[in-house]
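Colleague: File follows, start_30.csv with CSV, C-alpha atoms:
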chain,number,residue,atom,x,y,z
A,1,MET,CA,8.0,59.5,40.2
A,2,SER,CA,11.3,57.9,39.7
A,3,GLY,CA,10.3,55.1,42.1
A,4,ARG,CA,7.3,54.3,40.0
A,5,HIS,CA,9.4,53.7,36.9
A,6,ALA,CA,12.3,51.9,38.7
A,7,PHE,CA,10.4,48.7,39.3
A,8,PRO,CA,9.4,47.8,35.7
A,9,PHE,CA,12.9,48.8,34.6
A,10,ALA,CA,14.4,46.5,37.1
A,11,LEU,CA,12.1,43.6,36.0
A,12,LEU,CA,13.0,44.3,32.4
A,13,ALA,CA,16.7,44.3,33.2
A,14,LEU,CA,16.3,41.0,35.0
A,15,ALA,CA,14.5,39.5,32.2
A,16,LEU,CA,17.1,40.6,29.7
A,17,LEU,CA,19.9,39.3,31.9
A,18,GLY,CA,18.1,36.0,32.4
A,19,GLY,CA,17.6,35.7,28.7
A,20,CYS,CA,21.1,36.7,27.7
A,21,VAL,CA,23.4,35.4,30.3
A,22,THR,CA,22.1,31.9,30.7
A,23,THR,CA,21.3,30.9,27.1
A,24,SER,CA,24.3,30.7,24.9
A,25,PRO,CA,23.8,30.9,21.1
A,26,GLU,CA,24.8,27.2,21.0
A,27,ALA,CA,22.2,26.2,23.6
A,28,ARG,CA,19.6,28.3,21.8
A,29,ARG,CA,20.4,26.7,18.5
A,30,VAL,CA,20.1,23.2,20.0
A,31,LEU,CA,16.9,24.0,21.7
A,32,ASP,CA,15.4,25.4,18.4
A,33,GLU,CA,16.5,22.2,16.6
A,34,ALA,CA,14.9,20.0,19.2
A,35,GLN,CA,11.7,22.1,19.0
A,36,ALA,CA,11.7,21.9,15.2
A,37,GLU,CA,12.1,18.1,15.3
A,38,LEU,CA,9.2,17.8,17.6
A,39,LEU,CA,6.9,20.1,15.7
A,40,ALA,CA,7.6,18.2,12.5
A,41,ILE,CA,6.1,15.0,13.8
A,42,ARG,CA,3.8,15.7,16.7
A,43,THR,CA,0.7,15.9,14.5
A,44,GLU,CA,1.5,12.9,12.4
A,45,PRO,CA,-1.4,10.4,13.0
A,46,ALA,CA,0.9,7.3,12.6
A,47,VAL,CA,3.3,8.7,15.1
A,48,ARG,CA,0.6,9.6,17.6
A,49,LEU,CA,-0.8,6.1,17.3
A,50,SER,CA,2.4,4.1,17.5
A,51,ALA,CA,4.7,6.3,19.5
A,52,ALA,CA,2.6,8.3,22.0
A,53,LYS,CA,5.1,7.5,24.8
A,54,ASP,CA,8.1,8.6,22.9
A,55,LEU,CA,6.3,11.8,21.8
A,56,GLU,CA,5.4,12.5,25.4
A,57,ARG,CA,9.0,12.0,26.5
A,58,ALA,CA,10.3,14.2,23.7
A,59,GLU,CA,8.0,17.0,25.0
A,60,GLU,CA,9.0,16.4,28.6
A,61,SER,CA,12.7,16.5,27.8
A,62,LEU,CA,12.3,19.7,25.8
A,63,GLU,CA,10.5,21.4,28.6
A,64,ARG,CA,13.3,20.3,31.0
A,65,ALA,CA,15.9,21.7,28.6
A,66,GLU,CA,13.9,25.0,28.4
A,67,ARG,CA,13.7,25.2,32.2
A,68,PHE,CA,17.4,24.6,32.6
A,69,SER,CA,18.1,27.3,30.1
A,70,SER,CA,16.8,29.9,32.5
A,71,TYR,CA,19.3,28.8,35.2
A,72,LEU,CA,22.8,30.0,35.4
A,73,GLY,CA,25.5,27.5,34.7
A,74,SER,CA,23.2,24.7,33.4
A,75,GLU,CA,24.5,24.7,29.8
A,76,GLU,CA,25.4,21.0,30.1
A,77,ASP,CA,21.9,20.1,31.1
A,78,VAL,CA,20.3,22.2,28.4
A,79,LEU,CA,22.3,20.5,25.8
A,80,HIS,CA,21.7,17.1,27.3
A,81,TYR,CA,17.9,17.3,27.5
A,82,ALA,CA,17.6,18.9,24.1
A,83,TYR,CA,19.7,16.0,22.8
A,84,LEU,CA,17.3,13.5,24.5
A,85,SER,CA,14.3,15.4,23.2
A,86,ARG,CA,15.6,15.2,19.6
A,87,ARG,CA,16.4,11.5,20.0
A,88,TYR,CA,12.9,10.8,21.3
A,89,SER,CA,11.4,12.7,18.4
A,90,GLN,CA,13.5,10.7,15.9
A,91,ILE,CA,12.6,7.4,17.6
A,92,ALA,CA,8.9,8.4,17.5
A,93,ARG,CA,9.2,9.3,13.8
A,94,GLU,CA,10.8,5.9,13.0
A,95,HIS,CA,8.1,4.1,14.9
A,96,GLY,CA,5.4,6.0,13.0
A,97,ALA,CA,7.1,5.0,9.7
A,98,GLN,CA,7.3,1.4,11.0
A,99,ARG,CA,3.6,1.4,11.5
A,100,GLN,CA,2.9,2.7,8.1
A,101,ALA,CA,5.2,0.1,6.6
A,102,ALA,CA,3.5,-2.7,8.5
A,103,GLU,CA,0.1,-1.5,7.2
A,104,ARG,CA,1.5,-1.4,3.7
A,105,VAL,CA,2.9,-4.9,4.0
A,106,ALA,CA,-0.5,-6.2,5.2
A,107,GLN,CA,-2.2,-4.4,2.3
A,108,LEU,CA,0.3,-5.8,-0.3
A,109,GLU,CA,0.0,-9.3,1.1
A,110,LYS,CA,-3.8,-9.2,0.7
A,111,GLU,CA,-3.4,-7.9,-2.8
A,112,ARG,CA,-0.9,-10.6,-3.7
A,113,GLU,CA,-3.3,-13.3,-2.4
A,114,ARG,CA,-6.2,-11.8,-4.4
A,115,LEU,CA,-4.0,-11.6,-7.6
A,116,GLN,CA,-2.8,-15.2,-7.2
A,117,LEU,CA,-6.4,-16.4,-6.9
A,118,ALA,CA,-7.5,-14.3,-9.9
A,119,LEU,CA,-4.6,-15.7,-11.8
A,120,SER,CA,-5.4,-19.3,-11.2
A,121,GLU,CA,-9.0,-18.6,-11.9
A,122,ALA,CA,-8.2,-16.9,-15.2
A,123,ARG,CA,-6.0,-19.8,-16.2
A,124,LEU,CA,-8.8,-22.2,-15.5
A,125,ILE,CA,-11.2,-20.1,-17.6
A,126,THR,CA,-8.8,-20.0,-20.4
A,127,ALA,CA,-8.7,-23.7,-20.4
A,128,GLU,CA,-12.5,-23.8,-20.2
A,129,GLN,CA,-12.7,-21.5,-23.2
A,130,GLN,CA,-10.7,-24.0,-25.2
A,131,GLY,CA,-13.4,-26.5,-24.5
A,132,GLU,CA,-11.2,-28.8,-22.5
A,133,TRP,CA,-12.6,-28.2,-19.1
A,134,LEU,CA,-16.1,-29.6,-19.3
A,135,GLU,CA,-15.0,-33.0,-20.7
A,136,GLU,CA,-11.9,-33.4,-18.6
A,137,GLN,CA,-13.3,-32.3,-15.3
A,138,LEU,CA,-17.1,-32.9,-15.3
A,139,LEU,CA,-17.3,-35.9,-17.4
A,140,GLY,CA,-14.4,-37.4,-15.6
A,141,GLN,CA,-16.5,-37.2,-12.4
A,142,ALA,CA,-18.7,-40.2,-12.9
A,143,THR,CA,-21.1,-38.3,-15.0
A,144,THR,CA,-23.6,-40.3,-17.0
A,145,GLU,CA,-26.1,-39.5,-19.6
A,146,THR,CA,-29.4,-41.0,-18.5
A,147,GLU,CA,-33.1,-40.6,-19.4
A,148,ARG,CA,-33.1,-38.0,-16.6
A,149,GLY,CA,-30.4,-36.0,-18.3
A,150,LEU,CA,-26.8,-35.5,-17.4
A,151,VAL,CA,-26.3,-37.0,-13.9
A,152,MET,CA,-23.2,-36.6,-11.8
A,153,THR,CA,-22.8,-39.0,-8.8
A,154,LEU,CA,-21.1,-37.8,-5.7
A,155,GLY,CA,-20.1,-41.0,-3.8
A,156,ASP,CA,-20.5,-41.9,-0.2
A,157,VAL,CA,-16.9,-40.9,0.6
A,158,LEU,CA,-17.9,-37.3,0.6
A,159,PHE,CA,-19.8,-37.8,3.8
A,160,ASP,CA,-19.1,-39.4,7.1
A,161,THR,CA,-21.5,-42.2,8.1
A,162,GLY,CA,-24.8,-40.9,9.3
A,163,ARG,CA,-23.7,-37.3,8.9
A,164,ALA,CA,-25.0,-34.7,6.5
A,165,GLU,CA,-22.0,-32.3,6.5
A,166,LEU,CA,-19.7,-32.5,3.5
A,167,ARG,CA,-16.1,-33.6,4.0
A,168,ALA,CA,-13.3,-31.4,3.0
A,169,SER,CA,-12.4,-33.7,0.2
A,170,ALA,CA,-15.8,-32.9,-1.4
A,171,THR,CA,-14.9,-29.2,-1.8
A,172,ARG,CA,-13.0,-29.8,-5.0
A,173,THR,CA,-15.8,-31.6,-6.7
A,174,VAL,CA,-18.5,-29.1,-5.6
A,175,LEU,CA,-16.2,-26.2,-6.7
A,176,GLN,CA,-16.1,-27.7,-10.2
A,177,VAL,CA,-19.8,-27.9,-10.3
A,178,ALA,CA,-20.1,-24.3,-9.2
A,179,LYS,CA,-17.7,-23.2,-11.9
A,180,PHE,CA,-19.6,-25.2,-14.5
A,181,LEU,CA,-22.8,-23.5,-13.4
A,182,ARG,CA,-21.2,-20.1,-13.5
A,183,LEU,CA,-20.1,-20.7,-17.0
A,184,ASN,CA,-23.4,-22.1,-18.1
A,185,GLN,CA,-25.8,-19.6,-16.7
A,186,ARG,CA,-29.0,-21.1,-18.2
A,187,ARG,CA,-28.5,-24.5,-16.8
A,188,VAL,CA,-30.2,-25.5,-13.5
A,189,VAL,CA,-29.6,-28.5,-11.3
A,190,ARG,CA,-31.5,-30.8,-8.9
A,191,ILE,CA,-29.5,-32.3,-6.1
A,192,GLU,CA,-30.9,-35.7,-5.0
A,193,GLY,CA,-29.9,-37.5,-1.9
A,194,TYR,CA,-30.1,-41.3,-1.5
A,195,THR,CA,-29.2,-43.8,1.3
A,196,ASP,CA,-28.9,-47.5,1.7
A,197,SER,CA,-31.7,-49.6,3.3
A,198,GLN,CA,-30.1,-49.9,6.8
A,199,GLY,CA,-31.7,-48.2,9.7
A,200,ASP,CA,-35.0,-46.3,10.0
A,201,ALA,CA,-36.6,-45.4,6.7
A,202,ALA,CA,-37.9,-42.0,8.0
A,203,LEU,CA,-34.4,-41.1,9.3
A,204,ASN,CA,-32.9,-42.2,6.0
A,205,LEU,CA,-35.2,-39.9,4.2
A,206,GLU,CA,-34.2,-37.1,6.4
A,207,LEU,CA,-30.5,-37.9,6.1
A,208,SER,CA,-30.7,-38.1,2.3
A,209,ARG,CA,-32.4,-34.7,2.1
A,210,GLY,CA,-29.9,-33.2,4.6
A,211,ARG,CA,-26.9,-34.3,2.5
A,212,ALA,CA,-28.4,-32.9,-0.7
A,213,GLN,CA,-29.1,-29.7,1.2
A,214,SER,CA,-25.4,-29.6,2.3
A,215,VAL,CA,-24.3,-29.7,-1.3
A,216,ARG,CA,-26.8,-27.0,-2.2
A,217,ASP,CA,-25.6,-24.7,0.6
A,218,MET,CA,-22.0,-25.0,-0.5
A,219,LEU,CA,-22.9,-24.2,-4.1
A,220,VAL,CA,-24.8,-21.1,-2.9
A,221,ASP,CA,-21.7,-20.2,-0.8
A,222,LEU,CA,-19.7,-20.5,-4.0
A,223,GLY,CA,-21.9,-17.9,-5.7
A,224,VAL,CA,-24.5,-20.0,-7.5
A,225,ASP,CA,-28.0,-18.5,-7.4
A,226,GLY,CA,-30.1,-20.6,-5.1
A,227,LYS,CA,-33.0,-20.4,-7.5
A,228,ARG,CA,-31.1,-22.6,-9.9
A,229,ILE,CA,-30.8,-25.4,-7.4
A,230,GLN,CA,-33.6,-27.8,-6.5
A,231,VAL,CA,-33.2,-30.3,-3.6
A,232,ALA,CA,-34.8,-33.7,-3.2
A,233,GLY,CA,-34.3,-36.5,-0.7
A,234,TYR,CA,-35.3,-40.0,-1.7
A,235,GLY,CA,-34.0,-42.0,1.3
A,236,GLU,CA,-33.8,-45.7,0.5
A,237,ALA,CA,-35.7,-45.5,-2.8
A,238,TYR,CA,-34.1,-46.0,-6.2
A,239,PRO,CA,-31.1,-48.1,-5.2
A,240,VAL,CA,-28.4,-48.5,-7.9
A,241,ALA,CA,-27.1,-51.8,-6.3
A,242,GLU,CA,-28.1,-54.6,-4.0
A,243,ASN,CA,-28.4,-53.7,-0.4
A,244,ALA,CA,-27.3,-57.2,0.6
A,245,SER,CA,-23.5,-56.5,0.4
A,246,ASN,CA,-21.3,-53.8,1.9
A,247,GLN,CA,-20.2,-52.7,-1.5
A,248,GLY,CA,-23.7,-52.5,-2.8
A,249,ARG,CA,-24.8,-50.4,0.2
A,250,ALA,CA,-21.9,-48.1,-0.3
A,251,ARG,CA,-22.9,-47.5,-3.9
A,252,ASN,CA,-26.5,-46.7,-2.8
A,253,ARG,CA,-25.4,-44.0,-0.3
A,254,ARG,CA,-24.9,-41.2,-2.7
A,255,VAL,CA,-25.8,-37.7,-3.9
A,256,GLU,CA,-26.7,-37.2,-7.5
A,257,ILE,CA,-26.6,-33.9,-9.3
A,258,VAL,CA,-29.0,-33.8,-12.3
A,259,PHE,CA,-28.1,-31.1,-14.8
A,260,SER,CA,-30.7,-29.5,-17.0
A,261,ASP,CA,-30.1,-29.1,-20.7
A,262,GLU,CA,-28.6,-25.9,-22.0
A,263,GLU,CA,-32.0,-24.2,-22.1
A,264,GLY,CA,-32.6,-24.8,-18.4
A,265,THR,CA,-35.1,-27.6,-18.8
A,266,LEU,CA,-34.8,-30.1,-16.0
A,267,GLY,CA,-36.4,-33.6,-16.1
A,268,ALA,CA,-39.3,-34.1,-13.8
A,269,GLU,CA,-38.7,-35.3,-10.2
A,270,ARG,CA,-38.9,-39.0,-9.6
B,1,MET,CA,26.1,41.3,52.9
B,2,ASN,CA,22.8,39.9,51.6
B,3,SER,CA,24.3,39.0,48.2
B,4,ALA,CA,27.3,37.4,49.9
B,5,ARG,CA,24.9,35.1,51.9
B,6,PHE,CA,23.0,34.3,48.7
B,7,SER,CA,26.2,33.4,47.0
B,8,ILE,CA,27.2,31.1,49.7
B,9,ALA,CA,23.8,29.5,49.7
B,10,LEU,CA,23.9,29.0,46.0
B,11,LEU,CA,27.4,27.5,46.3
B,12,PHE,CA,26.0,25.0,48.8
B,13,VAL,CA,23.1,24.2,46.6
B,14,LEU,CA,25.4,23.6,43.6
B,15,LEU,CA,27.9,21.6,45.7
B,16,ALA,CA,25.0,19.5,47.1
B,17,GLY,CA,23.8,19.0,43.6
B,18,CYS,CA,27.1,17.5,42.6
B,19,ALA,CA,27.8,15.5,45.7
B,20,SER,CA,24.3,14.0,46.0
B,21,ASP,CA,24.3,12.7,42.4
B,22,PRO,CA,23.8,9.0,43.0
B,23,ALA,CA,25.7,6.3,41.1
B,24,PRO,CA,23.6,5.6,38.0
B,25,HIS,CA,23.8,1.9,38.0
B,26,GLU,CA,20.2,1.4,36.9
B,27,GLN,CA,20.7,3.8,34.0
B,28,LEU,CA,23.8,1.9,32.9
B,29,ARG,CA,21.8,-1.3,33.0
B,30,LEU,CA,19.1,0.2,30.8
B,31,SER,CA,21.6,1.5,28.3
B,32,GLU,CA,23.1,-2.0,28.1
B,33,VAL,CA,19.7,-3.6,27.6
B,34,ALA,CA,19.1,-1.1,24.7
B,35,LEU,CA,22.4,-2.0,23.1
B,36,VAL,CA,21.8,-5.7,23.4
B,37,GLN,CA,18.3,-5.3,21.9
B,38,ALA,CA,19.6,-3.2,19.0
B,39,ARG,CA,22.2,-5.9,18.2
B,40,ALA,CA,19.6,-8.6,18.6
B,41,VAL,CA,17.5,-7.2,15.7
B,42,GLY,CA,20.7,-7.0,13.7
B,43,ALA,CA,22.1,-3.6,14.2
B,44,GLY,CA,25.9,-3.5,13.7
B,45,GLU,CA,28.8,-1.1,14.4
B,46,GLU,CA,28.6,0.1,10.8
B,47,GLN,CA,25.5,2.0,11.9
B,48,ALA,CA,26.5,5.4,13.2
B,49,GLU,CA,24.0,5.5,16.0
B,50,LEU,CA,25.0,2.2,17.4
B,51,ALA,CA,28.7,3.0,17.3
B,52,LEU,CA,27.8,6.3,19.1
B,53,ALA,CA,25.8,4.4,21.7
B,54,GLN,CA,28.6,1.9,22.3
B,55,GLY,CA,31.2,4.7,22.7
B,56,LYS,CA,29.1,6.7,25.1
B,57,TYR,CA,28.3,3.6,27.1
B,58,GLU,CA,32.0,2.8,27.5
B,59,GLN,CA,32.7,6.4,28.5
B,60,ALA,CA,29.8,6.3,31.0
B,61,ARG,CA,31.3,3.2,32.6
B,62,ALA,CA,34.7,4.9,32.9
B,63,ALA,CA,33.1,8.0,34.4
B,64,LEU,CA,31.2,5.8,36.9
B,65,ALA,CA,34.4,4.0,37.9
B,66,ALA,CA,36.1,7.4,38.4
B,67,GLY,CA,33.2,8.6,40.6
B,68,ARG,CA,31.9,11.2,38.1
B,69,HIS,CA,28.3,10.2,38.6
B,70,LYS,CA,26.5,12.9,36.8
B,71,GLU,CA,28.7,12.6,33.7
B,72,ALA,CA,28.1,8.9,33.8
B,73,ARG,CA,24.3,9.4,34.0
B,74,LEU,CA,24.2,11.8,31.1
B,75,LEU,CA,26.3,9.7,28.9
B,76,ALA,CA,24.4,6.6,29.7
B,77,GLU,CA,21.0,8.3,29.1
B,78,GLN,CA,22.2,9.4,25.7
B,79,ALA,CA,23.7,6.0,24.9
B,80,GLU,CA,20.3,4.4,25.7
B,81,LEU,CA,18.4,6.6,23.2
B,82,ASP,CA,21.2,6.3,20.5
B,83,ALA,CA,20.8,2.5,20.7
B,84,GLN,CA,17.0,2.7,20.6
B,85,LEU,CA,17.2,4.9,17.5
B,86,ALA,CA,19.6,2.4,15.9
B,87,GLU,CA,17.2,-0.4,16.6
B,88,ALA,CA,14.2,1.6,15.2
B,89,GLN,CA,16.2,2.5,12.1
B,90,LEU,CA,17.1,-1.1,11.5
B,91,LEU,CA,13.5,-2.3,11.8
B,92,ILE,CA,12.2,0.3,9.3
B,93,GLN,CA,15.0,-0.7,6.9
B,94,LYS,CA,13.8,-4.3,7.1
B,95,SER,CA,10.2,-3.3,6.6
B,96,ASN,CA,11.1,-1.2,3.6
B,97,LYS,CA,12.8,-4.2,2.1
B,98,GLN,CA,9.8,-6.3,2.7
B,99,VAL,CA,7.5,-3.7,1.1
B,100,ALA,CA,9.8,-3.5,-2.0
B,101,ALA,CA,9.8,-7.3,-2.4
B,102,LEU,CA,6.0,-7.5,-2.1
B,103,GLU,CA,5.6,-4.7,-4.6
B,104,GLN,CA,7.7,-6.6,-7.0
B,105,GLN,CA,5.7,-9.8,-6.5
B,106,VAL,CA,2.4,-7.9,-7.0
B,107,GLY,CA,3.8,-6.2,-10.1
B,108,ALA,CA,4.9,-9.6,-11.6
B,109,LEU,CA,1.4,-11.1,-10.8
B,110,ARG,CA,-0.3,-8.2,-12.5
B,111,GLN,CA,1.8,-8.7,-15.6
B,112,GLN,CA,1.0,-12.4,-15.7
B,113,LEU,CA,-2.7,-11.6,-15.4
B,114,GLU,CA,-2.5,-9.1,-18.3
B,115,ALA,CA,-0.6,-11.5,-20.5
B,116,LEU,CA,-3.4,-14.1,-20.2
Translate this file's structure into C-alpha cells.
Modeller:
Amino acid sequence: MSGRHAFPFALLALALLGGCVTTSPEARRVLDEAQAELLAIRTEPAVRLSAAKDLERAEESLERAERFSSYLGSEEDVLHYAYLSRRYSQIAREHGAQRQAAERVAQLEKERERLQLALSEARLITAEQQGEWLEEQLLGQATTETERGLVMTLGDVLFDTGRAELRASATRTVLQVAKFLRLNQRRVVRIEGYTDSQGDAALNLELSRGRAQSVRDMLVDLGVDGKRIQVAGYGEAYPVAENASNQGRARNRRVEIVFSDEEGTLGAER
Amino acid sequence: MNSARFSIALLFVLLAGCASDPAPHEQLRLSEVALVQARAVGAGEEQAELALAQGKYEQARAALAAGRHKEARLLAEQAELDAQLAEAQLLIQKSNKQVAALEQQVGALRQQLEAL
C-alpha cells in the first residue's frame, strides 16, 4: 500500500526540488523576459521575412537557457543564454523594422517621382490654358498653313540614314504633338513619310511608310487614340526641294504631320 | 556509498567541463568583426550598446589572457550581439531619417500641386 504511493511522491518531490533549487527568481525573471521578447516579434511578417535566422537563434538560445535552468549550478549559463536570446530577438525586431522602412522609402520615392511628373504636366497645362502653348511650341516647330491644312514637318535629323526608328531627340517634338492632340480631342492627323530620290524607289516607299509608322507608334504609346492617326508613305514623290544637291535631298527626307481642323475634318490624301 | 560515488563523478564532470573549455579565439575574432562593422556604419561610443560591446570585448580579452576561457567566451558572445544590435539600431535610425525627409518632399510637392 505505502509502496504504491511512495513512487509518485518521490517523483513529485524530485520535480519540486528540480524546479525550486535550480531556478533562482532572478533566472526565472530573465527567462520570462527573454520569452516575452521573442513572443512579441515571432509572428511579425516583416521579422519573419527579413530576420528568420536571428529569430531561429533567439529560439535556440532560449531553449538552451531553459535546459540549463534544470541543471544544478548553471545559473551563469541560464543568464547568458537568456541574454543572447533577448539580443537576437531585439536584432530581429530591428531588422524587421529596417525592412518596413526600406519598403516605405521605395514607396515614397515612387510617389515623389509621380508628383514631380504631375507637377510639370500641370504647369504645362496652365501655360496651355493661357493660350501660349500652341503658338510657342507647335507653330515654332516649322508648322505651315498649306492648302492641305496645318502641316508640321519633322526633319531628316529625327532618323538615322536608312532607318525607320525615331532618334531620342525626336521624343520632345512627338511629345508636344501628343499633348496637343490630347488637348484638342476632335482633331485628327495624318502622318506622311517622304524620302529623297536616291536608291530603289520601292525601298524608299517602304522606308517612308516605316518612318511615318514609327511616329504613329510613339503617339499611340503616349496615349493618343490610334483611330485619330492615319499613316501614309509617299516615297520619292512630292519633293520640296531639288534632289540634285545634298541640302535639297536632306530637305526631301522628312515626315509631315497634317492636322485636321478643329472639327476633325482632314484634307484628302495626296 | 552510492551517493558518494555519484558526487565524485559529478565533480569530475564539472571539473572536466571547466578544464576542457577551449580558448575562444574564434569567438573573439567574431566579436571584433561585429564591432568593426558597427563602427563602419557609423555607430559611436555614445550608443549604449556599442559601449557595452566594447567593454565586454576588452574584459573578454583580459579573461582570455588570464586563462579564464569560459568567462572569455561568454563575454565575447555577448559583445558580438551587443555590437550587432548597435549596428541594426543605427541603420534603422538612418532609414527613419530618410523616410522623414522623403515625406517632407512629398508633402511639399503636394502643396505645390494644389497651389496651381
Colleague: Counting only C-alpha atoms, which residues of chain B come no farther than 9 Å from chain A, as a PyMOL selection string?
Modeller: chain B and resi 74-75+77-78+81-82+84-86+88-89+91-93+95-96+98-99+102-103+105-106+109-110+112-113+116
Colleague: Leaving out stretch 201-214 of chain A and any residue of its chain fewer than 3 positions from it, which residues lie within 12 Å of it when counting only C-alpha atoms, given as a count of residues only?
Modeller: 49
Colleague: I'd like the neighbourhood of stretch 31-36 of chain A as a list in words, where a residue qualifies if any of its atoms comes within 7 Å (using only C-alpha atoms), though same-chain residues fewer than 2 positions away should be ignored.
Modeller: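 Non-adjacent residues within range: Ala27, Arg28, Arg29, Leu38, Leu39, Ala40, Ala82, Ser85 and Arg86 of chain A.
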Colleague: I'd like the interatomic distance between atom CA of A:Leu124 and atom CA of A:Phe259, to a tenth of an Å.
Modeller: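 Separation between atom CA of A:Leu124 and atom CA of A:Phe259: 21.3 Å.
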Colleague: Go through B:Ala48, B:Ala79, B:Ala63, B:Ala72 and flag the residue nearest B:Glu32, using all atoms listed in the file for the distances.
Modeller: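 Among the listed residues, the smallest separation from B:Glu32 belongs to B:Ala79.
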Colleague: Report, in Å to a single decimal, how far apart atom CA of A:Tyr238 and atom CA of A:Glu147 are.
Modeller: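 About the pair atom CA of A:Glu147 and atom CA of A:Tyr238: they are 14.3 Å apart.
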Colleague: Rounded to one decimal in Å, what is the spacing between atom CA of B:Gln27 and atom CA of B:Gly67?
Modeller: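 Atom CA of B:Gln27 sits 14.9 Å away from atom CA of B:Gly67.
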Colleague: Of the residues B:Ala38, B:Glu87, B:Ala23, B:Lys94, which is the one nearest to B:Arg61, using only C-alpha atoms?
Modeller: B:Ala23
